[in-house]
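Dumped my_file14.cif below, it's mmCIF, C-alpha atoms:
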data_coords
loop_
_atom_site.label_atom_id
_atom_site.label_comp_id
_atom_site.auth_asym_id
_atom_site.auth_seq_id
_atom_site.Cartn_x
_atom_site.Cartn_y
_atom_site.Cartn_z
CA MET R 60 3.94 -9.56 -25.48
CA VAL R 61 4.35 -12.80 -23.57
CA ILE R 62 2.29 -12.41 -20.38
CA PHE R 63 3.31 -15.60 -18.60
CA SER R 64 6.98 -14.61 -18.85
CA GLU R 65 10.07 -15.23 -16.75
CA HIS R 66 9.47 -11.82 -15.21
CA PHE R 67 5.95 -12.91 -14.24
CA LYS R 68 7.28 -16.09 -12.62
CA GLU R 69 10.02 -14.13 -10.82
CA ILE R 70 7.40 -11.88 -9.21
CA GLU R 71 5.48 -14.89 -7.93
CA LYS R 72 8.67 -16.30 -6.46
CA ARG R 73 10.21 -13.16 -4.96
CA ALA R 74 6.93 -11.75 -3.64
CA GLY R 75 6.01 -15.08 -2.09
CA PHE R 76 2.57 -15.65 -3.59
CA PRO R 77 0.48 -18.15 -1.62
CA GLU R 78 0.61 -21.59 -3.20
CA GLU R 79 -3.17 -21.78 -3.59
CA ALA R 80 -3.21 -18.50 -5.56
CA ILE R 81 -0.59 -19.41 -8.14
CA ALA R 82 -2.71 -21.82 -10.19
CA PRO R 83 -5.61 -19.43 -11.01
CA ILE R 84 -3.24 -16.54 -11.70
CA GLU R 85 -1.02 -18.58 -14.01
CA LYS R 86 -4.07 -20.07 -15.70
CA ALA R 87 -5.30 -16.57 -16.54
CA ALA R 88 -1.88 -15.51 -17.86
CA GLN R 89 -1.61 -18.66 -19.97
CA LEU R 90 -5.14 -18.14 -21.27
CA ILE R 91 -4.16 -14.69 -22.53
CA ASP R 92 -1.08 -16.10 -24.24
CA SER R 93 -3.05 -18.94 -25.84
CA ILE R 94 -5.58 -16.75 -27.66
CA PRO R 95 -3.91 -14.40 -30.18
CA GLU R 96 -6.86 -12.02 -30.26
CA LEU R 97 -6.90 -11.77 -26.48
CA ASN R 98 -3.13 -11.38 -26.23
CA GLU R 99 -3.22 -8.56 -28.77
CA LYS R 100 -5.91 -6.70 -26.84
CA PHE R 101 -4.16 -7.27 -23.53
CA THR R 102 -0.79 -6.14 -24.88
CA LYS R 103 -2.30 -2.94 -26.26
CA LEU R 104 -3.76 -2.20 -22.84
CA VAL R 105 -0.39 -2.77 -21.17
CA TYR R 106 1.51 -0.48 -23.52
CA GLY R 107 -1.34 2.01 -23.59
CA TYR R 108 -1.19 2.46 -19.84
CA MET R 109 2.59 2.42 -19.53
CA THR R 110 3.24 4.65 -22.55
CA ASP R 111 0.35 7.09 -22.68
CA ARG R 112 -1.24 7.56 -19.28
CA PRO R 113 0.82 6.19 -16.38
CA ASP R 114 -1.26 8.04 -13.81
CA ASN R 115 -4.87 6.94 -14.24
CA ILE R 116 -5.08 3.18 -14.66
CA ASN R 117 -8.44 3.17 -12.89
CA ARG R 118 -10.24 5.68 -15.09
CA ASP R 119 -9.08 4.68 -18.53
CA PHE R 120 -7.76 1.15 -18.52
CA LEU R 121 -9.32 -1.09 -15.86
CA PRO R 122 -12.80 -1.12 -17.46
CA SER R 123 -11.22 -2.35 -20.68
CA VAL R 124 -9.35 -5.11 -18.86
CA GLU R 125 -12.48 -6.20 -17.07
CA ALA R 126 -14.32 -6.36 -20.41
CA LEU R 127 -12.07 -9.32 -21.25
CA GLU R 128 -13.76 -11.37 -18.50
CA SER R 129 -15.82 -13.17 -21.14
CA TYR R 130 -12.69 -15.09 -22.14
CA GLY R 131 -12.86 -17.06 -18.90
CA ALA R 132 -11.02 -15.34 -16.03
CA HIS R 133 -12.38 -13.30 -13.13
CA LYS R 134 -11.97 -9.54 -13.46
CA TYR R 135 -9.95 -9.33 -10.22
CA THR R 136 -7.57 -12.01 -11.50
CA LEU R 137 -7.24 -10.21 -14.83
CA ASP R 138 -6.51 -6.94 -13.03
CA LEU R 139 -3.65 -8.53 -11.11
CA VAL R 140 -2.23 -10.22 -14.20
CA TYR R 141 -2.50 -6.87 -15.99
CA ILE R 142 -0.53 -4.82 -13.45
CA MET R 143 2.02 -7.63 -13.16
CA ALA R 144 2.52 -7.48 -16.94
CA CYS R 145 2.83 -3.69 -16.78
CA SER R 146 5.53 -4.06 -14.15
CA GLU R 147 7.91 -5.59 -16.69
CA ILE R 148 8.09 -2.17 -18.35
CA LEU R 149 8.25 -0.51 -14.93
CA HIS R 150 11.33 -2.59 -14.10
CA GLU R 151 13.04 -1.16 -17.18
CA ARG R 152 12.17 2.34 -16.00
CA TYR R 153 13.66 1.68 -12.58
CA ARG R 154 16.90 0.67 -14.23
CA ALA R 155 16.86 3.65 -16.60
CA ASN R 156 16.46 5.94 -13.56
CA ASN R 157 19.21 4.15 -11.58
CA ILE R 158 16.74 2.97 -8.93
CA PRO R 159 18.15 -0.15 -7.23
CA ASP R 160 16.67 -3.50 -8.19
CA GLU R 161 16.01 -4.24 -4.53
CA VAL R 162 13.57 -1.31 -4.44
CA PHE R 163 11.73 -2.71 -7.44
CA TRP R 164 11.42 -6.19 -5.95
CA GLN R 165 10.32 -4.65 -2.65
CA PHE R 166 7.48 -2.99 -4.57
CA THR R 167 6.33 -6.34 -5.99
CA ILE R 168 5.59 -7.54 -2.46
CA ASP R 169 2.60 -5.22 -2.72
CA PHE R 170 1.17 -7.59 -5.33
CA ARG R 171 1.14 -10.28 -2.66
CA CYS R 172 -0.45 -7.95 -0.11
CA LYS R 173 -3.28 -7.03 -2.47
CA LEU R 174 -3.62 -10.64 -3.59
CA ILE R 175 -4.11 -11.89 -0.04
CA GLU R 176 -6.55 -9.07 0.72
CA CYS R 177 -8.57 -10.03 -2.34
CA MET R 178 -8.59 -13.71 -1.39
CA GLU R 179 -9.63 -12.94 2.19
CA CYS R 180 -12.24 -10.30 1.35
CA LYS R 181 -13.58 -11.44 -2.02
CA GLY R 182 -12.63 -15.11 -2.21
CA VAL R 183 -10.80 -14.53 -5.51
CA ALA R 184 -7.09 -14.68 -6.41
CA GLY R 185 -6.47 -11.22 -7.81
CA THR R 186 -6.81 -7.60 -6.73
CA PHE R 187 -9.83 -5.37 -6.25
CA VAL R 188 -7.71 -2.19 -5.97
CA ALA R 189 -5.52 -2.33 -9.08
CA GLU R 190 -5.62 1.46 -9.31
CA TRP R 191 -3.40 1.56 -6.23
CA VAL R 192 -0.33 1.03 -8.43
CA ASP R 193 -0.70 4.37 -10.24
CA LEU R 194 1.88 6.29 -8.19
CA PHE R 195 4.28 3.34 -8.23
CA TYR R 196 4.13 3.27 -12.00
CA SER R 197 4.65 7.02 -12.35
CA LEU R 198 7.74 6.71 -10.09
CA GLU R 199 6.24 8.72 -7.23
CA ARG R 200 5.67 5.94 -4.66
CA PHE R 201 8.25 3.39 -3.52
CA GLY R 202 8.41 0.45 -1.15
CA LEU R 203 11.27 0.87 1.31
CA GLY R 204 11.34 -1.82 3.94
CA ARG R 205 8.11 -2.24 5.88
CA PHE R 206 6.46 0.95 4.62
CA GLN R 207 5.72 2.70 1.36
CA TYR R 208 6.45 6.37 0.70
CA GLU R 209 5.30 8.81 -1.96
CA HIS R 210 6.19 12.36 -2.97
CA ASP R 211 4.08 14.88 -1.11
CA LYS R 212 3.95 18.43 0.26
CA PHE R 213 2.99 19.27 3.82
CA PRO R 214 -0.63 20.47 3.82
CA LYS R 215 -0.47 23.28 6.40
CA ASP R 216 1.74 25.48 8.53
CA TYR R 217 2.57 23.48 11.64
CA THR R 218 4.91 23.78 14.61
CA THR R 219 5.82 20.50 16.28
CA LYS R 220 5.95 20.08 20.03
CA SER R 221 9.74 20.20 19.79
CA GLY R 222 9.45 23.67 18.24
CA TYR R 223 10.27 22.78 14.64
CA PHE R 224 8.23 24.84 12.16
CA ILE R 225 6.96 23.16 8.98
CA LYS R 226 5.72 25.59 6.36
CA GLU R 227 2.74 24.66 4.19
CA GLY R 228 4.01 23.23 0.90
CA THR R 229 7.28 21.91 2.33
CA PRO R 230 8.40 18.81 0.37
CA CYS R 231 7.81 15.67 2.42
CA VAL R 232 6.83 12.05 1.97
CA ASN R 233 3.45 10.50 2.65
CA MET R 234 3.61 7.06 4.24
CA HIS R 235 1.49 3.92 3.72
CA ILE R 236 1.45 0.70 5.72
CA PRO R 237 0.90 -2.32 3.43
CA SER R 238 -0.65 -5.44 4.93
CA MET R 239 2.52 -7.56 4.79
CA GLY R 240 1.78 -9.47 7.97
CA ILE R 241 5.08 -8.24 9.43
CA PRO R 242 4.74 -6.85 12.99
CA LEU R 243 5.57 -3.16 13.40
CA THR R 244 8.47 -3.75 15.77
CA ASP R 245 10.98 -1.06 16.72
CA GLU R 246 13.63 -2.60 14.47
CA VAL R 247 11.31 -2.93 11.47
CA ARG R 248 9.96 0.61 11.74
CA MET R 249 13.36 2.25 12.20
CA ASP R 250 14.85 0.25 9.33
CA SER R 251 12.19 1.61 6.99
CA TYR R 252 12.56 5.20 8.21
CA LYS R 253 16.31 5.03 7.57
CA LYS R 254 15.80 3.57 4.11
CA ALA R 255 13.39 6.41 3.30
CA TYR R 256 15.87 8.99 4.59
CA GLU R 257 18.58 7.67 2.29
CA PHE R 258 16.30 7.25 -0.72
CA PHE R 259 14.64 10.67 -0.58
CA LYS R 260 17.77 12.82 -0.30
CA ASP R 261 16.20 15.46 -2.52
CA ARG R 262 13.25 15.90 -0.16
CA ARG R 263 15.24 16.67 2.97
CA THR R 264 14.84 20.08 4.59
CA PRO R 265 17.73 22.58 4.70
CA GLU R 266 18.39 21.32 8.25
CA GLY R 267 18.80 17.78 6.91
CA TYR R 268 15.46 16.38 8.13
CA LEU R 269 13.03 14.16 6.27
CA ILE R 270 9.42 15.01 7.06
CA MET R 271 7.16 11.97 6.91
CA ARG R 272 3.43 12.26 7.28
CA CYS R 273 0.71 9.65 7.46
CA GLY R 274 -3.07 9.49 7.60
CA SER R 275 -4.32 6.14 8.87
CA TRP R 276 -6.72 4.32 11.16
CA LEU R 277 -3.55 3.13 12.90
CA LEU R 278 -3.10 6.71 14.15
CA PHE R 279 -6.58 6.93 15.69
CA PRO R 280 -5.95 9.04 18.83
CA LYS R 281 -8.27 6.91 20.99
CA HIS R 282 -6.07 3.83 20.54
CA PRO R 283 -4.21 4.35 23.85
CA GLU R 284 -7.59 4.00 25.58
CA PHE R 285 -8.38 0.50 24.36
CA LEU R 286 -5.40 -1.19 22.71
CA ASP R 287 -2.84 -3.27 24.60
CA ALA R 288 -0.15 -0.93 25.95
CA ASN R 289 2.55 -3.19 24.50
CA SER R 290 1.01 -3.49 21.04
CA ASN R 291 3.15 -2.68 18.03
CA ILE R 292 0.31 -0.53 16.68
CA LEU R 293 0.69 1.75 19.70
CA LYS R 294 4.47 1.82 19.24
CA PHE R 295 3.93 2.93 15.65
CA TYR R 296 1.35 5.47 16.85
CA ASN R 297 3.84 6.88 19.37
CA ASP R 298 6.39 7.54 16.62
CA PHE R 299 4.08 10.27 15.33
CA GLU R 300 2.89 13.61 16.51
CA VAL R 301 -0.79 13.42 15.60
CA TYR R 302 -1.94 16.83 14.43
CA GLU R 303 -5.48 15.98 13.35
CA GLU R 304 -8.17 13.58 14.57
CA VAL R 305 -11.13 12.47 12.47
CA ILE R 306 -14.09 10.72 14.13
CA LYS R 307 -16.32 8.69 11.82
CA ASP R 308 -19.86 7.41 12.24
CA SER R 309 -18.91 4.28 10.30
CA PHE R 310 -15.62 2.37 10.38
CA ASN R 311 -14.54 2.22 6.75
CA ASP R 312 -11.33 0.37 7.59
CA ASP R 313 -12.98 -2.48 9.47
CA TRP R 314 -12.17 -4.87 6.61
CA ARG R 315 -8.49 -4.43 7.46
CA ILE R 316 -9.20 -6.01 10.84
CA TRP R 317 -11.93 -8.52 10.00
CA ASN R 318 -11.44 -9.19 6.26
CA LYS R 319 -14.58 -10.93 4.93
CA TYR R 320 -16.09 -10.95 8.41
CA ALA R 321 -16.47 -7.16 8.21
CA GLU R 322 -19.71 -7.82 6.33
CA LEU R 323 -21.22 -9.49 9.42
CA PRO R 324 -23.10 -7.62 12.12
CA LEU R 325 -20.64 -6.41 14.74
CA GLU R 326 -21.87 -8.84 17.40
CA GLU R 327 -21.16 -11.78 15.06
CA ARG R 328 -17.62 -10.78 14.14
CA PRO R 329 -14.83 -12.91 15.60
CA ALA R 330 -12.73 -11.69 18.52
CA ASP R 331 -9.98 -14.26 18.00
CA THR R 332 -7.05 -11.82 18.07
CA LYS R 333 -6.15 -9.08 20.55
CA LEU R 334 -6.83 -6.42 17.93
CA ARG R 335 -10.20 -7.86 16.90
CA LYS R 336 -11.28 -8.24 20.52
CA ALA R 337 -10.16 -4.73 21.44
CA TYR R 338 -12.02 -3.18 18.53
CA LYS R 339 -15.12 -5.28 19.00
CA ASP R 340 -15.33 -4.42 22.72
CA TRP R 341 -14.76 -0.72 21.95
CA MET R 342 -17.42 -0.59 19.25
CA MET R 343 -19.93 -2.76 21.13
CA ALA R 344 -19.69 -0.25 23.97
CA GLY R 345 -21.00 2.40 21.56
CA ASN R 346 -17.71 4.16 20.89
CA LYS R 347 -16.95 5.66 17.51
CA THR R 348 -13.86 5.00 15.43
CA GLY R 349 -11.81 7.08 13.04
CA TYR R 350 -8.28 7.92 12.07
CA GLY R 351 -5.51 10.39 12.67
CA ARG R 352 -3.04 12.39 10.63
CA GLY R 353 0.44 12.59 12.03
CA VAL R 354 3.98 13.69 11.28
CA ILE R 355 7.51 12.45 11.95
CA VAL R 356 10.56 14.70 11.63
CA PHE R 357 13.52 12.33 11.13
CA ASP R 358 17.22 13.18 11.12
CA GLY R 359 18.45 9.89 9.66
CA GLU R 360 18.98 8.21 13.01
CA LYS R 361 16.17 9.32 15.28
CA ILE R 362 12.83 11.08 15.47
CA ILE R 363 13.26 14.63 16.74
#
Serialized structure, structure tokens:
Amino acid sequence: MVIFSEHFKEIEKRAGFPEEAIAPIEKAAQLIDSIPELNEKFTKLVYGYMTDRPDNINRDFLPSVEALESYGAHKYTLDLVYIMACSEILHERYRANNIPDEVFWQFTIDFRCKLIECMECKGVAGTFVAEWVDLFYSLERFGLGRFQYEHDKFPKDYTTKSGYFIKEGTPCVNMHIPSMGIPLTDEVRMDSYKKAYEFFKDRRTPEGYLIMRCGSWLLFPKHPEFLDANSNILKFYNDFEVYEEVIKDSFNDDWRIWNKYAELPLEERPADTKLRKAYKDWMMAGNKTGYGRGVIVFDGEKII
């Protein structure tokens, strides 16, 4: 298998990889192609994951990829090259399942998101969460506009404030918010919700609704107390009916706000954005952080 293929280059281009990341990534791919023994091992890992076990890349395959580090590339770089190579087979599966090409290329933007996170948090061009692709590769998670959605079932009986009853086990979609750097404006959010509604026709309720749920630090119910009232995070928060609040002693998602600076003591972390300042002030005052779980019932045009 040619690793540094036209498909590989097309991902870099369409996903918009940062210029400074391209050289080390391409160097690793070319290294694999230049050593027959290494290419053979790498190719077996690609087909092993995509053919045999498309649901547990982390448990069975990543350690084997990282064992190839001795050939001269960082394990995080190799992990990214690996899942990019696997995606060539995934693209064929999208086509075989009549999934539009635009949905596939939307997914590849996630490579860029994870690449930038790795550069900002670890100082390496690659990914430190390669296992995240599992549900994409088993055709259960899809990128649709600004958000990502995966097959799910609602975890409990719940009646919304509007009076709509959701029975435990009802088919729904679980939502993720990739770090694209695109503000969560009204237009961007609604565009994604509508795309999800059209894509997941088979998961609509008998009444024609799509139930979308999300668990995220972005849905932390204390946000209205300390975030800017006009922030897009609050607008996203207000789309949801939050049905569960979790308060944590430690803020496990702080790296999403501070990147590499999350390793510093709180008082030394920068407050150079509105979000960083708001969180730093909140935490310095002794307040705890956490996350929320929320639900949207969507009729294709609006949230009910």
Using the chain letters and numbering of this document, enumerate as a list in words the residues selected by the PyMOL selection byres ((chain R and resi 232) around 8).
->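 Applied to this file, the PyMOL selection byres ((chain R and resi 232) around 8) selects Tyr208, Glu209, His210, Asp211, Lys212, Pro230, Cys231, Asn233, Met234, Arg262, Leu269, Ile270, Met271 and Arg272 of chain R.
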For the contact check between region 122-224 of chain R and region 300-307 of chain R, emit one row per residue of region 122-224 of chain R within 10 Å, containing the shortest atom pair and the distance in Å rounded to one decimal, counting all atoms listed in the file, chain then rising number order, as a Markdown table.
| residue | atom | partner | partner_atom | distance |
| --- | --- | --- | --- | --- |
| R:Tyr217 | CA | R:Tyr302 | CA | 8.5 |
| R:Thr218 | CA | R:Tyr302 | CA | 9.8 |
| R:Thr219 | CA | R:Glu300 | CA | 7.5 |
| R:Lys220 | CA | R:Glu300 | CA | 8.0 |
Computed interatomic separation between CA of Asn289 (chain R) and CA of Asp358 (chain R) (Å) =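 Separation of CA of Asn289 (chain R) and CA of Asp358 (chain R): 25.7 Å.
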Name the closest residue to Thr348 (chain R) among the candidates R:Thr332, R:Asn297, R:Ser275, R:Asn318; distances are taken between atoms, counting all atoms listed in the file.
->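 Result for the nearest residue to Thr348 (chain R): R:Ser275.
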Closest of R:Lys181, R:Arg248, R:Lys215, R:Lys72 to Ile362 (chain R) - atom-to-atom distances counting only C-alpha atoms = R:Arg248
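When the PyMOL selection byres ((chain R and resi 186) around 9) is run on the displayed coordinates, the residues it returns are Lys134, Tyr135, Thr136, Leu137, Asp138, Leu139, Phe170, Lys173, Leu174, Ile175, Glu176, Cys177, Met178, Val183, Ala184, Gly185, Phe187, Val188 and Ala189 of chain R.
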For this file, the PyMOL selection byres ((chain R and resi 312) around 10) selects which residues, as a ChimeraX atom specification?
-> /R:275-277,309-311,313-318,321,348-350
Deliver the residues from the most recent selection as a file, using C-alpha atoms, as a PDB file, in the frame of the given file.
ATOM      1  CA  SER R 275      -4.320   6.140   8.870  1.00  0.00           C
ATOM      2  CA  TRP R 276      -6.720   4.320  11.160  1.00  0.00           C
ATOM      3  CA  LEU R 277      -3.550   3.130  12.900  1.00  0.00           C
ATOM      4  CA  SER R 309     -18.910   4.280  10.300  1.00  0.00           C
ATOM      5  CA  PHE R 310     -15.620   2.370  10.380  1.00  0.00           C
ATOM      6  CA  ASN R 311     -14.540   2.220   6.750  1.00  0.00           C
ATOM      7  CA  ASP R 313     -12.980  -2.480   9.470  1.00  0.00           C
ATOM      8  CA  TRP R 314     -12.170  -4.870   6.610  1.00  0.00           C
ATOM      9  CA  ARG R 315      -8.490  -4.430   7.460  1.00  0.00           C
ATOM     10  CA  ILE R 316      -9.200  -6.010  10.840  1.00  0.00           C
ATOM     11  CA  TRP R 317     -11.930  -8.520  10.000  1.00  0.00           C
ATOM     12  CA  ASN R 318     -11.440  -9.190   6.260  1.00  0.00           C
ATOM     13  CA  ALA R 321     -16.470  -7.160   8.210  1.00  0.00           C
ATOM     14  CA  THR R 348     -13.860   5.000  15.430  1.00  0.00           C
ATOM     15  CA  GLY R 349     -11.810   7.080  13.040  1.00  0.00           C
ATOM     16  CA  TYR R 350      -8.280   7.920  12.070  1.00  0.00           C
TER      17      TYR R 350
END
Residue nearest His150 (chain R) - candidates R:Asp169, R:Ile70, R:Leu97, R:Pro77, atoms counted: only C-alpha atoms |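 Using only C-alpha atoms, His150 (chain R) sits closest to R:Ile70.
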Computed gap from CA of Pro159 (chain R) to CA of Thr229 (chain R) is 26.4 Å
Pairwise distance for CA of Ser290 (chain R) and CA of Gly222 (chain R), rounded to one decimal in Å = 28.6 Å
Reconstruct N, CA and C atoms of region 314-325 of chain R from the incomplete input and present them as an mmCIF file, keeping the file's coordinate frame.
data_model
loop_
_atom_site.group_PDB
_atom_site.id
_atom_site.type_symbol
_atom_site.label_atom_id
_atom_site.label_comp_id
_atom_site.auth_asym_id
_atom_site.auth_seq_id
_atom_site.Cartn_x
_atom_site.Cartn_y
_atom_site.Cartn_z
ATOM 1 N N TRP R 314 -12.578 -3.694 7.385
ATOM 2 C CA TRP R 314 -12.170 -4.870 6.610
ATOM 3 C C TRP R 314 -10.694 -5.194 6.826
ATOM 4 N N ARG R 315 -9.915 -4.184 7.207
ATOM 5 C CA ARG R 315 -8.490 -4.430 7.460
ATOM 6 C C ARG R 315 -8.289 -5.259 8.722
ATOM 7 N N ILE R 316 -9.272 -5.233 9.600
ATOM 8 C CA ILE R 316 -9.200 -6.010 10.840
ATOM 9 C C ILE R 316 -9.916 -7.343 10.694
ATOM 10 N N TRP R 317 -11.095 -7.313 10.055
ATOM 11 C CA TRP R 317 -11.930 -8.520 10.000
ATOM 12 C C TRP R 317 -11.995 -9.200 8.632
ATOM 13 N N ASN R 318 -11.377 -8.599 7.595
ATOM 14 C CA ASN R 318 -11.440 -9.190 6.260
ATOM 15 C C ASN R 318 -12.902 -9.431 5.861
ATOM 16 N N LYS R 319 -13.215 -10.632 5.407
ATOM 17 C CA LYS R 319 -14.580 -10.930 4.930
ATOM 18 C C LYS R 319 -15.613 -10.852 6.053
ATOM 19 N N TYR R 320 -15.153 -10.992 7.289
ATOM 20 C CA TYR R 320 -16.090 -10.950 8.410
ATOM 21 C C TYR R 320 -16.608 -9.535 8.679
ATOM 22 N N ALA R 321 -16.007 -8.533 8.031
ATOM 23 C CA ALA R 321 -16.470 -7.160 8.210
ATOM 24 C C ALA R 321 -17.882 -6.974 7.684
ATOM 25 N N GLU R 322 -18.355 -7.907 6.855
ATOM 26 C CA GLU R 322 -19.710 -7.820 6.330
ATOM 27 C C GLU R 322 -20.748 -8.317 7.339
ATOM 28 N N LEU R 323 -20.297 -8.974 8.395
ATOM 29 C CA LEU R 323 -21.220 -9.490 9.420
ATOM 30 C C LEU R 323 -21.625 -8.384 10.372
ATOM 31 N N PRO R 324 -22.769 -8.531 11.032
ATOM 32 C CA PRO R 324 -23.100 -7.620 12.120
ATOM 33 C C PRO R 324 -21.991 -7.639 13.165
ATOM 34 N N LEU R 325 -21.763 -6.529 13.815
ATOM 35 C CA LEU R 325 -20.640 -6.410 14.740
ATOM 36 C C LEU R 325 -20.639 -7.514 15.791
#
